[in-house]
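See below for the structure under consideration.
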Amino acid sequence: MIYLKKAVRTAATDHQDVHDTVAAMLAEIARDGDEAARRFARDLDKWNGDIVVTPQARAAAAAQVPEQLRRDIQFAHANVRRFAEAQRATVQDCEVEILPGLIAGQKQIPVSAAGCYVPGGRYSHVASAIMTITTAKVAGVPHVVACSPPRPGVGIPPAILYAMDLCGADVILSMGGVQGVAAMANGLFGLPKADILVGPGNQYVAEAKRILFGQVGIDMVAGPTDSMVIADSHADADMVAADLVGQAEHGYNSPVWLVTSDRAFAEQVMALVPALIATLPDPNRQSAAAAWADYAEVILCADAEGMAQVADRFAPEHLHVQAGSLDWWLGRLRSYGSLFLGEETTVAFGDKTSGPNHVLPTSGAARYTGGLSVHKFIKTVTWQRATREGSRPLAEATARISRLEGMEGHARSADIRLAKYFPDEAFDLS
Ligand SMILES: NC(=O)c1ccc[n+]([C@@H]2O[C@H](COP(=O)([O-])OP(=O)(O)OC[C@H]3O[C@@H](n4cnc5c(N)ncnc54)[C@H](O)[C@@H]3O)[C@@H](O)[C@H]2O)c1
Ligand SMILES: [Zn+2]
């Protein structure tokens, strides 16, 4: 493979500053509770209003969203729900007779309370509300809290609030950043403590979740969003250029990668991109320009197998194949958060409306995990039950293994059962 364009920057270097800021904020909130969270909302987001959004404010939001947009949000919600329901149907209890007199099983139990972070600093992430809340509700979580940063004097933008309400958030907090995350994790403002925190956010949000992990579950540690397009000579250069620029808009440090087996095609796309970026409105233009200049890469490979190897190594969050033989790619590719097959769909569809979740592993985490799904809200737990007859071989083997391990107390839990159920027999348990 040959780099026709190489990134000049990779992962952020300011991590320690962010860590110290967030750790200090979390400590203050742990100490002073609601009051500290309110103080940060005031200082950072200029918000003095209600923290728990009232039923009246929820109802009023719908009236402020134009009807077509409401229908669009309902469309996206229905698609995300349909996909999540199909996933839910694959998650099942099971039961097996391991040996005569011993049955064991697994049960799927949703967490009791989930906290969904809906980012809202720079863009109005309506889609993130749909992706997280809907999925938690379909998973069967009885108590879903959602929070998002309020805009000064306005609160949560009406379209986000409408989406949160439509998707079934039980409580909505007008609170963003570290204070929003901590409010859900610590059970501030009268809430139950969240068992799991999910949803994307900026570096402060991501760091807060990372620090709180252990005390609560989290979906993943998210970095800047990234996207890869695999294109061969079948691809449409204008479309590929538009897709790369579209995803570079996320932020100055959002990598986009083009992997192709056609040098002329790569050069055509590279020539088109700057002009497309120049036509974006500010500040999206600056984000996309910086992302393209500093983080984007264009890689030329000999053939499809070479391109697949690059994709597997990068493990992109979004992977879009605009090439022939789509079934071959679906079978061959192994590391991605979400795969988009063919030019008729695109990452933007997945981001906003199509159904599979858009909360996905970034920065190569797709090597070891997929994205947000109903599974993240459900605990697969196990149980077992034995008859006296079934307990007999278990007790004998357990007693001997325990003694070998030096765990005499464990061995005696086995001994006492054999003595009670089979009093007339002698066992060699040493
Ligand atoms: N990968 C995905 O699926 C996906 C989807 C949507 C959004 N995102 C990501 O979500 C993020 C959204 O970021 P955002 O900033 O626009 O919104 P955000 O909601 O994540 O963060 C806003 C909050 O940051 C806090 N904050 C700002 N400056 C601070 C400081 N100096 N100290 C402490 N706290 C501070 C404020 O309290 C504010 O409420 C982006 O990084 C975007 O890439 C990812
Ligand atoms: Zn996107």
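Letters for chains follow the order of the structure tokens (A, B, ...), residue numbers begin at 1 for each chain, and ligand numbers begin at 1 in the order shown.
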- Query: ligand 2: which residues are within 6 Å, counting only C-alpha atoms and all ligand atoms, as JSON, numbers by chain?
  - Reply: {"A": [247, 348, 351]}
Given the selection you just returned, output its residues as a file containing N, CA and C atoms, formatted as a short mmCIF file (atom, residue, chain, number, x, y, z; two decimals), in the first residue's frame.
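The resulting file, selection16.cif, is reproduced below:
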data_model
loop_
_atom_site.label_atom_id
_atom_site.label_comp_id
_atom_site.auth_asym_id
_atom_site.auth_seq_id
_atom_site.Cartn_x
_atom_site.Cartn_y
_atom_site.Cartn_z
N GLN A 247 -18.30 13.85 6.66
CA GLN A 247 -17.88 13.29 7.94
C GLN A 247 -16.73 14.08 8.58
N ALA A 348 -24.12 9.35 6.63
CA ALA A 348 -25.07 10.34 7.14
C ALA A 348 -26.44 9.71 7.42
N ASP A 351 -26.06 8.02 10.64
CA ASP A 351 -25.95 9.01 11.72
C ASP A 351 -27.32 9.51 12.16
#
- Show which residues sit within 7 Å of segment 322-331 of chain A, as a VMD selection string. Count only C-alpha atoms, and ignore same-chain residues fewer than 4 positions away. chain A and resid 230 to 232 234 to 235 341 to 343
- Query: Nearest to Pro283 of chain A among A:Phe40, A:Tyr252, A:Phe314, A:Tyr204, with distances taken over only C-alpha atoms: which residue is it?
  - Reply: A:Tyr252
- Query: Out of segment 274-335 of chain A, which residues get helix (DSSP H, G or I) from DSSP, as a ChimeraX atom specification?
  - Reply: /A:274-278,284-295,304-314,326-332
- Item | Near-Asn79 of chain A list (10 Å; only C-alpha atoms; drop same-chain fewer than 3 positions) as a VMD selection string | chain A and resid 73 to 76 82 to 85 130 353 to 356
- Query: Counting only C-alpha atoms and all ligand atoms, which of A:Thr369, A:Thr225, A:Gln68, A:Ser174 gets nearest to ligand 1?
  - Reply: A:Thr225
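The residue set within 8 Å of Val221 of chain A, counting only C-alpha atoms and dropping same-chain residues fewer than 4 places from it, reads A:Ala206, A:Glu207, A:Lys209, A:Arg210, A:Pro361.
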- Message: Residues within 8 Å of segment 149-153 of chain A, please, as an MDAnalysis selection string. Count only C-alpha atoms; anything in the same chain fewer than 4 positions from it doesn't count.
- Response: chainID A and resid 45:47 118:121 157 174:177 180
Those residues you just picked out, can you put them in a file as a PDB file, in the first residue's frame with N, CA and C atoms?
ATOM      1  N   ASP A  45     -22.599  26.763  31.428  1.00  0.00           N
ATOM      2  CA  ASP A  45     -23.649  26.819  30.410  1.00  0.00           C
ATOM      3  C   ASP A  45     -24.624  27.978  30.627  1.00  0.00           C
ATOM      4  N   LYS A  46     -24.306  28.857  31.610  1.00  0.00           N
ATOM      5  CA  LYS A  46     -25.144  30.052  31.868  1.00  0.00           C
ATOM      6  C   LYS A  46     -26.610  29.672  32.062  1.00  0.00           C
ATOM      7  N   TRP A  47     -26.839  28.631  32.844  1.00  0.00           N
ATOM      8  CA  TRP A  47     -28.212  28.137  33.037  1.00  0.00           C
ATOM      9  C   TRP A  47     -28.627  28.248  34.495  1.00  0.00           C
ATOM     10  N   VAL A 118     -26.945  13.188  25.858  1.00  0.00           N
ATOM     11  CA  VAL A 118     -27.252  13.676  24.509  1.00  0.00           C
ATOM     12  C   VAL A 118     -26.448  14.957  24.301  1.00  0.00           C
ATOM     13  N   PRO A 119     -25.398  14.897  23.458  1.00  0.00           N
ATOM     14  CA  PRO A 119     -24.537  16.070  23.331  1.00  0.00           C
ATOM     15  C   PRO A 119     -25.283  17.233  22.691  1.00  0.00           C
ATOM     16  N   GLY A 120     -24.821  18.422  23.020  1.00  0.00           N
ATOM     17  CA  GLY A 120     -25.573  19.573  22.498  1.00  0.00           C
ATOM     18  C   GLY A 120     -24.813  20.869  22.535  1.00  0.00           C
ATOM     19  N   GLY A 121     -23.494  20.804  22.684  1.00  0.00           N
ATOM     20  CA  GLY A 121     -22.739  22.049  22.720  1.00  0.00           C
ATOM     21  C   GLY A 121     -22.724  22.726  21.361  1.00  0.00           C
ATOM     22  N   PRO A 157     -32.714  22.617  23.351  1.00  0.00           N
ATOM     23  CA  PRO A 157     -33.428  23.023  22.128  1.00  0.00           C
ATOM     24  C   PRO A 157     -34.679  22.157  21.910  1.00  0.00           C
ATOM     25  N   SER A 174     -31.988  19.206  32.235  1.00  0.00           N
ATOM     26  CA  SER A 174     -31.404  20.311  31.499  1.00  0.00           C
ATOM     27  C   SER A 174     -30.006  20.541  32.058  1.00  0.00           C
ATOM     28  N   MET A 175     -29.090  19.696  31.674  1.00  0.00           N
ATOM     29  CA  MET A 175     -27.763  19.770  32.265  1.00  0.00           C
ATOM     30  C   MET A 175     -26.796  19.021  31.356  1.00  0.00           C
ATOM     31  N   GLY A 176     -25.659  19.631  31.043  1.00  0.00           N
ATOM     32  CA  GLY A 176     -24.715  18.998  30.129  1.00  0.00           C
ATOM     33  C   GLY A 176     -23.379  18.721  30.787  1.00  0.00           C
ATOM     34  N   GLY A 177     -22.444  18.270  29.972  1.00  0.00           N
ATOM     35  CA  GLY A 177     -21.063  18.102  30.404  1.00  0.00           C
ATOM     36  C   GLY A 177     -20.901  17.172  31.598  1.00  0.00           C
ATOM     37  N   GLY A 180     -23.813  16.939  34.054  1.00  0.00           N
ATOM     38  CA  GLY A 180     -24.934  16.111  33.602  1.00  0.00           C
ATOM     39  C   GLY A 180     -24.636  14.630  33.834  1.00  0.00           C
TER      40      GLY A 180
END
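Here atom CA of Asp312 of chain A is placed at a distance of 15.6 Å from atom CA of Val298 of chain A.
The space separating atom CA of Val18 of chain A from atom CA of Asn253 of chain A comes to 16.0 Å.
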